[in-house]
Amino acid sequence: MKLRALVVDDEVYARRSLEAMLDGTGALEVVGSCANAVEALQAIRAQAPDVVFLDIQMPKVNGFELLSMIDQEVMPHVVFVTAFDAYAVKAFEENALDYLLKPVERARLDRTIEKLRRSVDQGKPPVYDSPVLERIPCAGPKSVRLVDVAEIEQVRCSAAGVYVVTPRGEYLTDLTMRVLETKTELERCHRQYLVNARHIEEILRPEPRGAVLRMRSGREVPVSRRYFVALRRRLGLRGDAT
Amino acid sequence: MKLLFVLVEAMSFCLLVAYAYSKSPAFRPLRPDALRWRDRLFLLGFFGALSITGTYLGLPVRGAIANTRAIGPVLAGILGGPLLGGAVGLAGGLHRLALGGFTAFACGLSTTVEGLVGGLVHLYVVRRSGPERVFDPKVVFATTFAAEALQMAIILLVARPYQDAVALVRVIALPMMAANSAGAAFFMSILRDRMKMVDRVGAASGARALRIAERSLGHLTKGLDREGAREIARIIHEETGVGAVAITDTEQVLAFVGEGSDHHRAGAPIASEWTRRAIAASEVTFVDGMDEPYRCALSKDCPLRSVLVVPLHVAGDVVGTVKLYEPASKRFLESNRSLGEGLTSLLSGQLVRARYQEQKSLLVMAELKLARAQVNPHFLFNALNTVMAMLEDGSRPRALLAHLSSFFRKNLKRVDELSTLREELEHVSAYLEIEKARFEDRLSVEVDVDPTLLEVRVPTFTLQPLVENAIKHGISDMLAPGTARIHAYRQDGAACIDVEDDAGAYEERRRGGDGLGLQIVEKRLRILLGREAGLAISCTPGELTRVSIRVPAPTPAPAATAARAAS
């Protein structure tokens, strides 16, 4: 069975030529190609490809940041593709990431595919050590807006999607709750909420079933019993819930 | 008793002479350890005359003369050594010998010996305590006292009949020893005070010059601009207390501080013929206000009457002047005149250093920039990748390689400091073709240039870095397609060239260390095209970044032709 591949590069010719090359190997099926990280995030969720060929230098969100934004549930194998850059190569080697240099050589690509094949056959989901996120891409009125994590007061999820809430407004994001919880300093306080401890003004109505947080903006965020103890400990308060 | 009065009188005369001498223009501080022959001759004449006068002012006593003859030789000896002391003593002694009397020979001999004694003390003191010590009145007193005692001994030994000599010495010994010693000591003390005063005046103006130098330091690091000139003029005015101070470049007044500033204004063209003369001849010009009064070219009521104009030099060229003025009510002090000249050479030095520093850093940056422009590996790699990615696409790779080769060839060929806008646009268009291919659907370019500006001169490599910034830090970081725009037009007699992108990411770019490239462009504009050239940046975040260059533009050719036809 062919591996399902996604190509992500902001340069159209680079994309086309890599697509053609991957097709030419006969081992891969290109299921999509994206011009930036935001498109890629949606495509990964929709297509769940086995492997993503990922450019580093891209507008707004680079390849490394994109890696941090992918939910572990749909985490594909990732092969970085970059033009000559000694610094990037060093980073790949240190983190045992697979990479290809542009222009891509066929022989080198074949070796990479072999390796990919083996990993996929072993059936172990790939785990990458990726950096903490500082900016979260959100849908703005016209374009993509990057929201600083420090500015985020809470994250709320509903049937419509995941909303990032700042004192200035609410924005829809493609990142999952789990990614936001693991890759940022935001704390889980409820099945449907994450909260930024720095924005908490006070804890209201501690009760057996949890509590309510009042934020500096005046908004309120519920805390469920399950997360209350951990949150109190995190805030430096006593752990007992009475 | 009368004897003592006469001697005091004679001594007073000596002191009068000393005082007059110390005040005369002939007075110069002496360095006892390094006398020149001219000084020695002068001292010989001076102290010889003093010695002879001492004899004449003396009082005949028992066939001899009680006198203050010894002061001259002893002082000459102490100041100039045994040779000078001996010579003065000999002159005084020979004169005394010629006058006759039973002590004539004894006195003539002893005067010479006294000069020698002074000289020996000179040698001893200089070796023992340094040349300054010979001015010590105590040393002089002791020496003269000893010398006079020796004279008395010689009279007793040499003069005959012995009884007369004894009688004489008994009368004159104490008064003469006292009067001569005191006279010599006072004489020296007058000389010393006067020398100290000269030193102090010198030290005071030296200290003033140093203070001005220290305070003015740093105001000229940017070269001769108005801001620095105003500060320095203010400092000189404060420190020297002259009526007014002006600093000019070669065309206009950069700063004016002090009396008459109502009509002498910064920014005005140079009106004074003396300043123009000083600049043209590269010479210090001084109008003392007496033989030749300074006449203000601007106002009849100008209070200023004398002026010193000192040119400022950088690398042999006059770049401006410093002017010190005094009003009619004040004399132009000699010390201010020399101070003004000294200061100007100091300021010239600072200007030279400022220019050197600026050129050095510019050179380094320009070299860096050129190296970067000539071989930018990232640019080359990206371009080659694009070409290879396109290879299946028929004729496009060939065209792209042609642009690439043209871009690098132009980089190498462009060695002149200045290029025409046409050349800059050609260079940039090769660059843009490659970037357009690389970003294809995401980059569009608009060029809108007033054709009469194509021959306007700009520093080589001005446009390319701006366009590169617009793409690299602007459009390539946009998720949506972007547009780069080059717009050249005339405005207020200058050419404006705007390079815009619609990313509006300048603030972020600056944080990313993008400032250096623009700084280099701006510096080169100023250095190569002068004050009228410049660079301005405006940014609306998320919408537009615009870098505007302004360069002098001659009137367009058709208009010039029309004007000629009309006249």
# chains A, B, ... in the order shown; residues from 1 in each chain; ligands from 1
>>> interface_residues(of="chain A", to="chain B", cutoff="7 Å", atoms="only C-alpha atoms", output="VMD selection string")
chain A and resid 11 to 14 17 36 58 to 60 83 102 to 103
>>> residues_around(residues="stretch 61-78 of chain A", least_positions_apart="3", cutoff="9 Å", atoms="only C-alpha atoms", output="JSON list (two decimals) with N, CA and C atoms, in the first residue's frame")
[["chain", "number", "residue", "atom", "x", "y", "z"],
["A", 8, "VAL", "N", 4.06, 20.51, 1.93],
["A", 8, "VAL", "CA", 3.82, 21.86, 2.43],
["A", 8, "VAL", "C", 5.04, 22.74, 2.09],
["A", 36, "ASN", "N", 0.97, 27.05, 3.11],
["A", 36, "ASN", "CA", 1.40, 27.60, 4.40],
["A", 36, "ASN", "C", 0.93, 26.70, 5.53],
["A", 37, "ALA", "N", 1.36, 27.05, 6.75],
["A", 37, "ALA", "CA", 1.13, 26.19, 7.90],
["A", 37, "ALA", "C", -0.35, 26.10, 8.26],
["A", 38, "VAL", "N", -1.07, 27.17, 8.04],
["A", 38, "VAL", "CA", -2.49, 27.18, 8.45],
["A", 38, "VAL", "C", -3.29, 26.23, 7.57],
["A", 40, "ALA", "N", -1.98, 23.77, 6.05],
["A", 40, "ALA", "CA", -1.46, 22.43, 6.33],
["A", 40, "ALA", "C", -2.15, 21.81, 7.54],
["A", 41, "LEU", "N", -2.39, 22.63, 8.57],
["A", 41, "LEU", "CA", -3.01, 22.13, 9.79],
["A", 41, "LEU", "C", -4.40, 21.57, 9.49],
["A", 44, "ILE", "N", -4.01, 18.31, 7.42],
["A", 44, "ILE", "CA", -3.57, 17.16, 8.21],
["A", 44, "ILE", "C", -4.76, 16.57, 8.97],
["A", 45, "ARG", "N", -5.59, 17.46, 9.50],
["A", 45, "ARG", "CA", -6.75, 16.97, 10.24],
["A", 45, "ARG", "C", -7.74, 16.27, 9.31],
["A", 48, "ALA", "N", -5.45, 13.21, 7.36],
["A", 48, "ALA", "CA", -4.63, 12.29, 8.17],
["A", 48, "ALA", "C", -3.59, 11.57, 7.34],
["A", 49, "PRO", "N", -2.65, 12.32, 6.71],
["A", 49, "PRO", "CA", -1.63, 11.69, 5.86],
["A", 49, "PRO", "C", -0.65, 10.87, 6.72],
["A", 50, "ASP", "N", 0.05, 9.91, 6.06],
["A", 50, "ASP", "CA", 1.07, 9.14, 6.78],
["A", 50, "ASP", "C", 2.33, 9.98, 6.96],
["A", 51, "VAL", "N", 2.60, 10.82, 5.97],
["A", 51, "VAL", "CA", 3.84, 11.59, 6.02],
["A", 51, "VAL", "C", 3.61, 13.00, 5.47],
["A", 52, "VAL", "N", 4.29, 13.96, 6.10],
["A", 52, "VAL", "CA", 4.23, 15.34, 5.61],
["A", 52, "VAL", "C", 5.63, 15.79, 5.23],
["A", 53, "PHE", "N", 5.78, 16.27, 4.00],
["A", 53, "PHE", "CA", 7.04, 16.89, 3.58],
["A", 53, "PHE", "C", 6.91, 18.39, 3.83],
["A", 54, "LEU", "N", 7.71, 18.90, 4.79],
["A", 54, "LEU", "CA", 7.43, 20.20, 5.38],
["A", 54, "LEU", "C", 8.60, 21.19, 5.17],
["A", 55, "ASP", "N", 8.31, 22.29, 4.51],
["A", 55, "ASP", "CA", 9.31, 23.36, 4.35],
["A", 55, "ASP", "C", 9.47, 24.09, 5.70],
["A", 56, "ILE", "N", 10.63, 24.64, 5.94],
["A", 56, "ILE", "CA", 10.84, 25.36, 7.20],
["A", 56, "ILE", "C", 10.39, 26.81, 7.08],
["A", 57, "GLN", "N", 10.96, 27.51, 6.08],
["A", 57, "GLN", "CA", 10.74, 28.94, 5.94],
["A", 57, "GLN", "C", 9.40, 29.19, 5.27],
["A", 58, "MET", "N", 8.42, 29.57, 6.09],
["A", 58, "MET", "CA", 7.09, 29.83, 5.52],
["A", 58, "MET", "C", 6.51, 31.07, 6.20],
["A", 97, "LEU", "N", 15.52, 14.44, 13.56],
["A", 97, "LEU", "CA", 14.42, 14.64, 12.62],
["A", 97, "LEU", "C", 14.92, 14.28, 11.24],
["A", 98, "ASP", "N", 14.00, 13.78, 10.43],
["A", 98, "ASP", "CA", 14.38, 13.44, 9.07],
["A", 98, "ASP", "C", 14.33, 14.72, 8.22],
["A", 99, "TYR", "N", 15.28, 14.84, 7.30],
["A", 99, "TYR", "CA", 15.25, 16.04, 6.48],
["A", 99, "TYR", "C", 15.82, 15.78, 5.09],
["A", 116, "LEU", "N", 10.93, 5.59, 6.22],
["A", 116, "LEU", "CA", 9.53, 5.89, 6.52],
["A", 116, "LEU", "C", 8.70, 4.60, 6.52],
["A", 119, "SER", "N", 9.20, 2.57, 9.65],
["A", 119, "SER", "CA", 8.54, 3.14, 10.84],
["A", 119, "SER", "C", 7.03, 2.91, 10.77],
["A", 120, "VAL", "N", 6.45, 3.14, 9.58],
["A", 120, "VAL", "CA", 5.00, 3.00, 9.45],
["A", 120, "VAL", "C", 4.61, 1.55, 9.70],
["A", 125, "PRO", "N", 3.15, 5.19, 16.59],
["A", 125, "PRO", "CA", 2.89, 6.58, 16.18],
["A", 125, "PRO", "C", 4.13, 7.43, 16.45],
["A", 126, "PRO", "N", 4.48, 8.31, 15.51],
["A", 126, "PRO", "CA", 5.69, 9.13, 15.70],
["A", 126, "PRO", "C", 5.50, 10.14, 16.84],
["A", 127, "VAL", "N", 6.56, 10.33, 17.60],
["A", 127, "VAL", "CA", 6.52, 11.35, 18.65],
["A", 127, "VAL", "C", 7.69, 12.30, 18.40],
["A", 128, "TYR", "N", 7.38, 13.56, 18.26],
["A", 128, "TYR", "CA", 8.45, 14.54, 18.02],
["A", 128, "TYR", "C", 8.58, 15.48, 19.21],
["A", 129, "ASP", "N", 9.81, 15.80, 19.48],
["A", 129, "ASP", "CA", 10.09, 16.75, 20.53],
["A", 129, "ASP", "C", 9.97, 18.14, 19.91],
["A", 130, "SER", "N", 8.88, 18.81, 20.18],
["A", 130, "SER", "CA", 8.71, 20.09, 19.49],
["A", 130, "SER", "C", 8.62, 21.23, 20.49],
["A", 131, "PRO", "N", 8.95, 22.43, 20.07],
["A", 131, "PRO", "CA", 9.05, 23.55, 21.01],
["A", 131, "PRO", "C", 7.69, 24.02, 21.53],
["A", 132, "VAL", "N", 7.76, 24.76, 22.64],
["A", 132, "VAL", "CA", 6.57, 25.37, 23.22],
["A", 132, "VAL", "C", 6.05, 26.45, 22.28],
["A", 133, "LEU", "N", 4.75, 26.60, 22.20],
["A", 133, "LEU", "CA", 4.16, 27.60, 21.30],
["A", 133, "LEU", "C", 4.04, 28.95, 22.00],
["A", 135, "ARG", "N", 2.83, 31.72, 19.95],
["A", 135, "ARG", "CA", 1.76, 32.43, 19.23],
["A", 135, "ARG", "C", 0.78, 31.40, 18.66],
["A", 136, "ILE", "N", -0.46, 31.71, 18.74],
["A", 136, "ILE", "CA", -1.48, 30.79, 18.27],
["A", 136, "ILE", "C", -2.16, 31.38, 17.04],
["A", 137, "PRO", "N", -2.12, 30.68, 15.91],
["A", 137, "PRO", "CA", -2.79, 31.21, 14.72],
["A", 137, "PRO", "C", -4.31, 31.08, 14.86],
["A", 146, "LEU", "N", -2.18, 36.13, 14.58],
["A", 146, "LEU", "CA", -1.36, 35.37, 15.52],
["A", 146, "LEU", "C", -1.54, 35.98, 16.90],
["A", 174, "ASP", "N", -7.62, 26.58, 14.80],
["A", 174, "ASP", "CA", -7.63, 25.19, 14.31],
["A", 174, "ASP", "C", -6.91, 24.26, 15.27],
["A", 175, "LEU", "N", -6.22, 24.83, 16.26],
["A", 175, "LEU", "CA", -5.49, 23.98, 17.19],
["A", 175, "LEU", "C", -6.48, 23.28, 18.13],
["A", 176, "THR", "N", -6.13, 22.08, 18.56],
["A", 176, "THR", "CA", -7.01, 21.36, 19.46],
["A", 176, "THR", "C", -6.72, 21.74, 20.90],
["A", 177, "MET", "N", -7.68, 21.44, 21.79],
["A", 177, "MET", "CA", -7.51, 21.70, 23.20],
["A", 177, "MET", "C", -6.26, 20.99, 23.72],
["A", 178, "ARG", "N", -6.07, 19.75, 23.25],
["A", 178, "ARG", "CA", -4.94, 18.98, 23.76],
["A", 178, "ARG", "C", -3.60, 19.62, 23.38],
["A", 179, "VAL", "N", -3.50, 20.11, 22.13],
["A", 179, "VAL", "CA", -2.27, 20.78, 21.72],
["A", 179, "VAL", "C", -2.05, 22.03, 22.58],
["A", 180, "LEU", "N", -3.11, 22.78, 22.77],
["A", 180, "LEU", "CA", -2.97, 24.02, 23.55],
["A", 180, "LEU", "C", -2.59, 23.70, 25.00],
["A", 183, "LYS", "N", 1.24, 22.24, 24.76],
["A", 183, "LYS", "CA", 2.31, 23.05, 24.16],
["A", 183, "LYS", "C", 2.33, 24.50, 24.62],
["B", 477, "ASP", "N", 6.39, 36.91, 3.87],
["B", 477, "ASP", "CA", 5.84, 36.48, 5.15],
["B", 477, "ASP", "C", 4.33, 36.72, 5.23]]
>>> select_by_dssp(residues="stretch 4-142 of chain A", states="alpha helix (DSSP H)", output="count of residues only")
58
>>> residues_around(residues="stretch 84-89 of chain B", least_positions_apart="4", cutoff="6 Å", atoms="only C-alpha atoms", output="JSON, numbers by chain")
{"B": [44, 48, 73, 76, 77, 80, 93, 111, 112, 115, 116, 119]}
>>> residues_around(residues="B:Glu433", least_positions_apart="2", cutoff="10 Å", atoms="only C-alpha atoms", output="list of chain:residue names")
B:Ala399, B:Leu400, B:His403, B:Leu404, B:Phe407, B:Val428, B:Ser429, B:Ala430, B:Tyr431, B:Glu435, B:Lys436, B:Ala437, B:Arg438, B:Glu440, B:Val445
>>> residues_around(residues="B:Ser338", least_positions_apart="2", cutoff="12 Å", atoms="only C-alpha atoms", output="mmCIF file with N, CA and C atoms, in the first residue's frame")
data_model
loop_
_atom_site.group_PDB
_atom_site.id
_atom_site.type_symbol
_atom_site.label_atom_id
_atom_site.label_comp_id
_atom_site.auth_asym_id
_atom_site.auth_seq_id
_atom_site.Cartn_x
_atom_site.Cartn_y
_atom_site.Cartn_z
ATOM 1 N N GLY B 202 49.477 82.443 31.387
ATOM 2 C CA GLY B 202 49.585 81.348 30.425
ATOM 3 C C GLY B 202 48.778 80.154 30.884
ATOM 4 N N SER B 205 44.968 80.776 30.544
ATOM 5 C CA SER B 205 44.393 80.622 29.213
ATOM 6 C C SER B 205 44.578 79.194 28.723
ATOM 7 N N GLY B 206 45.633 78.546 29.195
ATOM 8 C CA GLY B 206 45.796 77.131 28.875
ATOM 9 C C GLY B 206 44.642 76.324 29.441
ATOM 10 N N ARG B 208 41.743 77.416 30.233
ATOM 11 C CA ARG B 208 40.522 77.795 29.533
ATOM 12 C C ARG B 208 40.402 77.018 28.220
ATOM 13 N N ALA B 209 41.555 76.960 27.515
ATOM 14 C CA ALA B 209 41.548 76.236 26.239
ATOM 15 C C ALA B 209 41.202 74.770 26.475
ATOM 16 N N THR B 240 35.328 82.406 26.857
ATOM 17 C CA THR B 240 36.250 83.502 26.541
ATOM 18 C C THR B 240 35.685 84.852 26.970
ATOM 19 N N VAL B 284 44.253 83.149 8.635
ATOM 20 C CA VAL B 284 43.648 83.837 9.761
ATOM 21 C C VAL B 284 43.535 85.317 9.407
ATOM 22 N N PHE B 286 42.462 89.128 10.905
ATOM 23 C CA PHE B 286 42.181 89.838 12.139
ATOM 24 C C PHE B 286 41.914 91.300 11.826
ATOM 25 N N LEU B 308 38.047 88.400 14.714
ATOM 26 C CA LEU B 308 39.110 87.463 14.358
ATOM 27 C C LEU B 308 38.435 86.316 13.604
ATOM 28 N N VAL B 309 38.900 86.062 12.390
ATOM 29 C CA VAL B 309 38.321 84.976 11.597
ATOM 30 C C VAL B 309 39.379 83.901 11.416
ATOM 31 N N VAL B 310 39.127 82.711 11.926
ATOM 32 C CA VAL B 310 40.102 81.630 11.803
ATOM 33 C C VAL B 310 39.487 80.499 10.992
ATOM 34 N N LEU B 324 35.523 85.281 16.251
ATOM 35 C CA LEU B 324 35.360 85.883 17.570
ATOM 36 C C LEU B 324 35.212 87.384 17.369
ATOM 37 N N PHE B 332 40.155 93.979 21.748
ATOM 38 C CA PHE B 332 40.299 92.550 21.465
ATOM 39 C C PHE B 332 41.566 92.051 22.144
ATOM 40 N N LEU B 333 41.423 91.249 23.193
ATOM 41 C CA LEU B 333 42.577 90.808 23.975
ATOM 42 C C LEU B 333 43.488 89.900 23.160
ATOM 43 N N GLU B 334 44.770 90.146 23.354
ATOM 44 C CA GLU B 334 45.768 89.313 22.678
ATOM 45 C C GLU B 334 45.578 87.830 23.042
ATOM 46 N N SER B 335 45.256 87.619 24.339
ATOM 47 C CA SER B 335 45.130 86.225 24.784
ATOM 48 C C SER B 335 43.954 85.546 24.090
ATOM 49 N N ASN B 336 42.876 86.288 23.853
ATOM 50 C CA ASN B 336 41.734 85.703 23.151
ATOM 51 C C ASN B 336 42.076 85.427 21.703
ATOM 52 N N GLY B 340 41.770 81.883 20.279
ATOM 53 C CA GLY B 340 40.899 81.617 19.130
ATOM 54 C C GLY B 340 41.619 80.794 18.075
ATOM 55 N N GLU B 341 42.862 81.165 17.818
ATOM 56 C CA GLU B 341 43.598 80.433 16.785
ATOM 57 C C GLU B 341 43.867 78.993 17.221
ATOM 58 N N GLY B 342 44.255 78.850 18.508
ATOM 59 C CA GLY B 342 44.541 77.507 19.017
ATOM 60 C C GLY B 342 43.313 76.627 18.995
ATOM 61 N N LEU B 343 42.210 77.218 19.441
ATOM 62 C CA LEU B 343 40.960 76.462 19.502
ATOM 63 C C LEU B 343 40.543 75.965 18.137
ATOM 64 N N THR B 344 40.735 76.823 17.167
ATOM 65 C CA THR B 344 40.289 76.458 15.837
ATOM 66 C C THR B 344 41.069 75.266 15.320
ATOM 67 N N SER B 345 42.368 75.240 15.648
ATOM 68 C CA SER B 345 43.118 74.084 15.169
ATOM 69 C C SER B 345 42.654 72.835 15.919
#
>>> select_by_dssp(residues="stretch 17-194 of chain B", states="strand (DSSP E or B)", output="VMD selection string")
chain B and resid 59 to 61 64 to 66
>>> residues_around(residues="A:Ile200", least_positions_apart="5", cutoff="10 Å", atoms="only C-alpha atoms", output="PyMOL selection string")
chain A and resi 153-154+195+213-221+235
>>> closest_residue(among="A:Glu93, A:Asp148, A:Glu105, A:Glu39", to="A:Thr25", atoms="only C-alpha atoms")
A:Glu105
>>> residues_around(residues="B:Val125", least_positions_apart="2", cutoff="12 Å", atoms="only C-alpha atoms", output="list in words")
Pro32, Asp33, Gly77, Ile78, Leu79, Gly80, Gly81, Gly118, Gly119, Leu120, Val121, His122, Leu123, Arg127, Arg128, Ser129, Gly130, Pro131, Glu132, Arg133, Val134, Phe135, Asp136, Val139, Val140 and Thr143 of chain B
>>> atom_distance(atom1="atom CA of B:Arg69", atom2="atom CA of B:Ser51")
4.4 Å
